[in-house]
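What follows is a short report on a single structure.
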Amino acid sequence: MTVAGIDIGGTKIAAGVVGPGARVRRPVLVPTQAREGFEVSFRQVLLAIEQALEEPGVAGIGICAPGPLNPKTGVVLNPPNLPGWRNVELARLVSERFALPCRVENDANAAGLAEYLFGAARGYSSVFYATLSTGIGAGIILDGKIYHGKNGAAAEGGHVTIDWKSGVICNCGTPGCIEALASGTAIEKRHGMTAEQLGRALAAGDARAAAILDEVAEMLAAWLGSVVSLLDPDIIVAGGGMSRIGEPLFARLRAWVPRRTINQHARHTPIVPAALAQHAGVLGAAAVMLA
Ligand SMILES: [Zn+2]
C-alpha cells in the first residue's frame, strides 16, 4: 500500500509518499507559519497534503502532530507549538477534504511505530521507543500495535517520576520526572552543556563530560529498568539528539539497565539507537496508516 505521511512541526511541515520498501517519494517541506494562527497553519497543512497527493495511488493519509492530541479520535487538543489549534478534528477534516482515510498520531508513538515497521525494531513485536531530546518522549508498541490507553494518553514516558524528592519540578507540574532530570534541557540547565557539546567533549576524552554522562545514564537506566520490569519489551530503541552520543551512552545503558530491574532476561534485551534519520517524521506519519 502507498500512503502519504505528513509531519506537522512547529516551524515546518514535512510531507511525502511512502510505498513498499519505506522509500519516501515526492518529499516536500512547507513552512508551518504557526504564529499566524489556525486558519493559516491549517491551510499550510492542506497545501503540504495536496503536494504529496500529486503522487498517484495514495490510499490514505497519516499525520503526526504536536501533542496533546487524541490518536483514537484524531482530535488535536491545544498544542503549545500550534497557537489557535483547539480541539481540531484533524483526522475528520482531512479525511473529508481529500476523500481518503486519515489517522493522527503523536510524534513519539509514530516514531516508535516507524522503527518497528522500517527501522531498528524490525522483526520484533513489542517495542519500547524513547526519544531522548530536549524533552523525553516514549512510544509503546505491543504485539505490533501502538498502546494508546483509555483516553489515547498512554506512553507519556518522559513523565515517569524517578526522584520525587529531587526538588526539580517538571513542566507537567510533578517533581522529579525523568524528563526534568535527564533530558537535554535538564543537562544544559545543570551543567551548562548541550547534548551535542557533551558528545563532542566525550569524543575528546574529557573527564568531566564522562562524569556527566555517568550521572545521566544512571538516571536513564533507573527509568528503563523500570520499563523492563513493567513491559518486558523485545527491544528498546532510543532516538533523538541525545541518542547521537552513541556508543558511550548505549554501552552504559546496556550495562546498567539489567541492574535496575527484577527481570532476569534484561541483559538479553537489546538497547539500540534508532535507525531512521532522514525523513523519520514522514515515515512515522506514514507508518500510522500502514500498521
Ligand atoms: Zn513531567
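Letters for chains follow the order of the C-alpha cells (A, B, ...), residue numbers begin at 1 for each chain, and ligand numbers begin at 1 in the order shown.
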
Write out, as a Markdown table, each residue of chain A that has an atom at most 7 Å from ligand 1, together with the closest pair of atoms and their distance in Å to one decimal, counting only C-alpha atoms and all ligand atoms, rows going by chain and rising number.
| residue | atom | partner | partner_atom_place_in_ligand_line | distance |
| --- | --- | --- | --- | --- |
| A:Gly158 | CA | ligand 1 | 1 (Zn) | 6.3 |
| A:His159 | CA | ligand 1 | 1 (Zn) | 3.8 |
| A:Val160 | CA | ligand 1 | 1 (Zn) | 6.9 |
| A:Cys170 | CA | ligand 1 | 1 (Zn) | 4.5 |
| A:Asn171 | CA | ligand 1 | 1 (Zn) | 5.7 |
| A:Cys172 | CA | ligand 1 | 1 (Zn) | 4.3 |
| A:Gly173 | CA | ligand 1 | 1 (Zn) | 6.3 |
| A:Thr174 | CA | ligand 1 | 1 (Zn) | 5.4 |
| A:Cys177 | CA | ligand 1 | 1 (Zn) | 4.7 |
| A:Glu179 | CA | ligand 1 | 1 (Zn) | 6.2 |
| A:Ala180 | CA | ligand 1 | 1 (Zn) | 6.5 |

Go ahead and write the selection's residues with N, CA and C atoms as an mmCIF file, in the first residue's frame.
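Output below, filename selection31.cif:
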data_model
loop_
_atom_site.group_PDB
_atom_site.id
_atom_site.type_symbol
_atom_site.label_atom_id
_atom_site.label_comp_id
_atom_site.auth_asym_id
_atom_site.auth_seq_id
_atom_site.Cartn_x
_atom_site.Cartn_y
_atom_site.Cartn_z
ATOM 1 N N GLY A 158 8.192 10.235 29.442
ATOM 2 C CA GLY A 158 9.026 11.303 29.978
ATOM 3 C C GLY A 158 8.556 11.783 31.337
ATOM 4 N N HIS A 159 7.297 11.488 31.656
ATOM 5 C CA HIS A 159 6.731 11.983 32.915
ATOM 6 C C HIS A 159 6.574 10.871 33.942
ATOM 7 N N VAL A 160 7.409 9.864 33.815
ATOM 8 C CA VAL A 160 7.552 8.874 34.873
ATOM 9 C C VAL A 160 8.490 9.478 35.924
ATOM 10 N N CYS A 170 8.995 19.417 37.058
ATOM 11 C CA CYS A 170 8.867 19.220 35.608
ATOM 12 C C CYS A 170 7.861 20.213 35.027
ATOM 13 N N ASN A 171 7.910 20.405 33.707
ATOM 14 C CA ASN A 171 6.911 21.238 33.019
ATOM 15 C C ASN A 171 5.487 20.762 33.290
ATOM 16 N N CYS A 172 5.333 19.474 33.584
ATOM 17 C CA CYS A 172 3.990 18.920 33.822
ATOM 18 C C CYS A 172 3.505 19.218 35.236
ATOM 19 N N GLY A 173 4.380 19.791 36.074
ATOM 20 C CA GLY A 173 3.964 20.171 37.421
ATOM 21 C C GLY A 173 4.361 19.184 38.509
ATOM 22 N N THR A 174 4.887 18.031 38.095
ATOM 23 C CA THR A 174 5.265 16.976 39.041
ATOM 24 C C THR A 174 6.769 17.050 39.312
ATOM 25 N N CYS A 177 10.345 14.103 37.373
ATOM 26 C CA CYS A 177 10.128 13.279 36.169
ATOM 27 C C CYS A 177 11.476 13.041 35.487
ATOM 28 N N GLU A 179 12.118 13.372 32.458
ATOM 29 C CA GLU A 179 12.358 14.489 31.527
ATOM 30 C C GLU A 179 12.988 15.686 32.235
ATOM 31 N N ALA A 180 12.540 15.943 33.475
ATOM 32 C CA ALA A 180 13.047 17.098 34.223
ATOM 33 C C ALA A 180 14.485 16.868 34.674
#

Practice problem: Pull the strand (DSSP E or B) assignments for segment 70-256 of chain A out of DSSP run on the backbone, and list those residues as an NGL selection string. | Solution: :A and (70 or 75-76 or 88-89 or 102-106 or 127-132 or 136-142 or 145-146 or 161 or 169 or 175 or 177 or 235-239)

Residues from last step as file, C-alpha atoms, as a compact mmCIF listing (two decimals), in the first residue's frame:
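Result file follows (part_21.txt):
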# COMPACT_ATOMS: atom_id res chain seq x y z
CA ASN A 70 -6.12 12.05 21.00
CA VAL A 75 -8.58 15.40 17.64
CA VAL A 76 -5.70 17.81 18.27
CA VAL A 88 -9.36 20.49 15.99
CA GLU A 89 -10.90 17.36 14.46
CA CYS A 102 -6.75 9.62 7.77
CA ARG A 103 -5.21 8.91 11.14
CA VAL A 104 -3.47 11.29 13.52
CA GLU A 105 -0.78 10.28 15.98
CA ASN A 106 1.69 11.97 18.32
CA VAL A 127 8.99 -2.27 21.40
CA PHE A 128 9.71 0.48 23.89
CA TYR A 129 10.75 3.57 21.93
CA ALA A 130 12.34 6.53 23.71
CA THR A 131 13.03 9.99 22.28
CA LEU A 132 15.97 11.45 24.17
CA ILE A 136 11.95 12.90 26.70
CA GLY A 137 9.10 11.09 24.94
CA ALA A 138 8.08 7.49 24.55
CA GLY A 139 6.06 5.14 22.39
CA ILE A 140 4.91 1.67 23.35
CA ILE A 141 4.29 -0.91 20.62
CA LEU A 142 2.68 -4.09 21.97
CA LYS A 145 0.18 -2.08 17.77
CA ILE A 146 0.64 1.28 19.47
CA THR A 161 8.86 10.03 38.26
CA ILE A 169 9.68 20.49 39.10
CA PRO A 175 8.65 16.81 40.78
CA CYS A 177 10.13 13.28 36.17
CA ILE A 235 13.75 -4.38 22.30
CA ILE A 236 14.37 -0.81 23.47
CA VAL A 237 15.08 1.75 20.74
CA ALA A 238 16.28 5.26 21.57
CA GLY A 239 16.23 8.18 19.13

Exercise. Step one, run DSSP on the backbone; step two, keep only residues of segment 28-246 of chain A assigned to helix (DSSP H, G or I); then write them as a PyMOL selection string.
Key: chain A and resi 34-36+38-52+90-98+107-118+157-159+178-182+184-191+195-203+207-231+241-245

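In this comparison, which uses only C-alpha atoms, the residue of A:Ala204, A:Leu82, A:Val58, A:Val228 approaching Gly9 of chain A most closely is A:Leu82.
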
Quiz item: Given the choices A:Arg43, A:Lys189, A:Arg25, A:Arg122, which gets closest to Ile13 of chain A if the distance is worked out from only C-alpha atoms?
Solution: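 The shortest atom-to-atom distance to Ile13 of chain A comes from A:Arg43.
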
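Proximity to Leu77 of chain A was assessed for A:Ala65, A:Val168, A:Ile271, A:Ala280 counting only C-alpha atoms; the smallest distance is recorded for A:Ala65.
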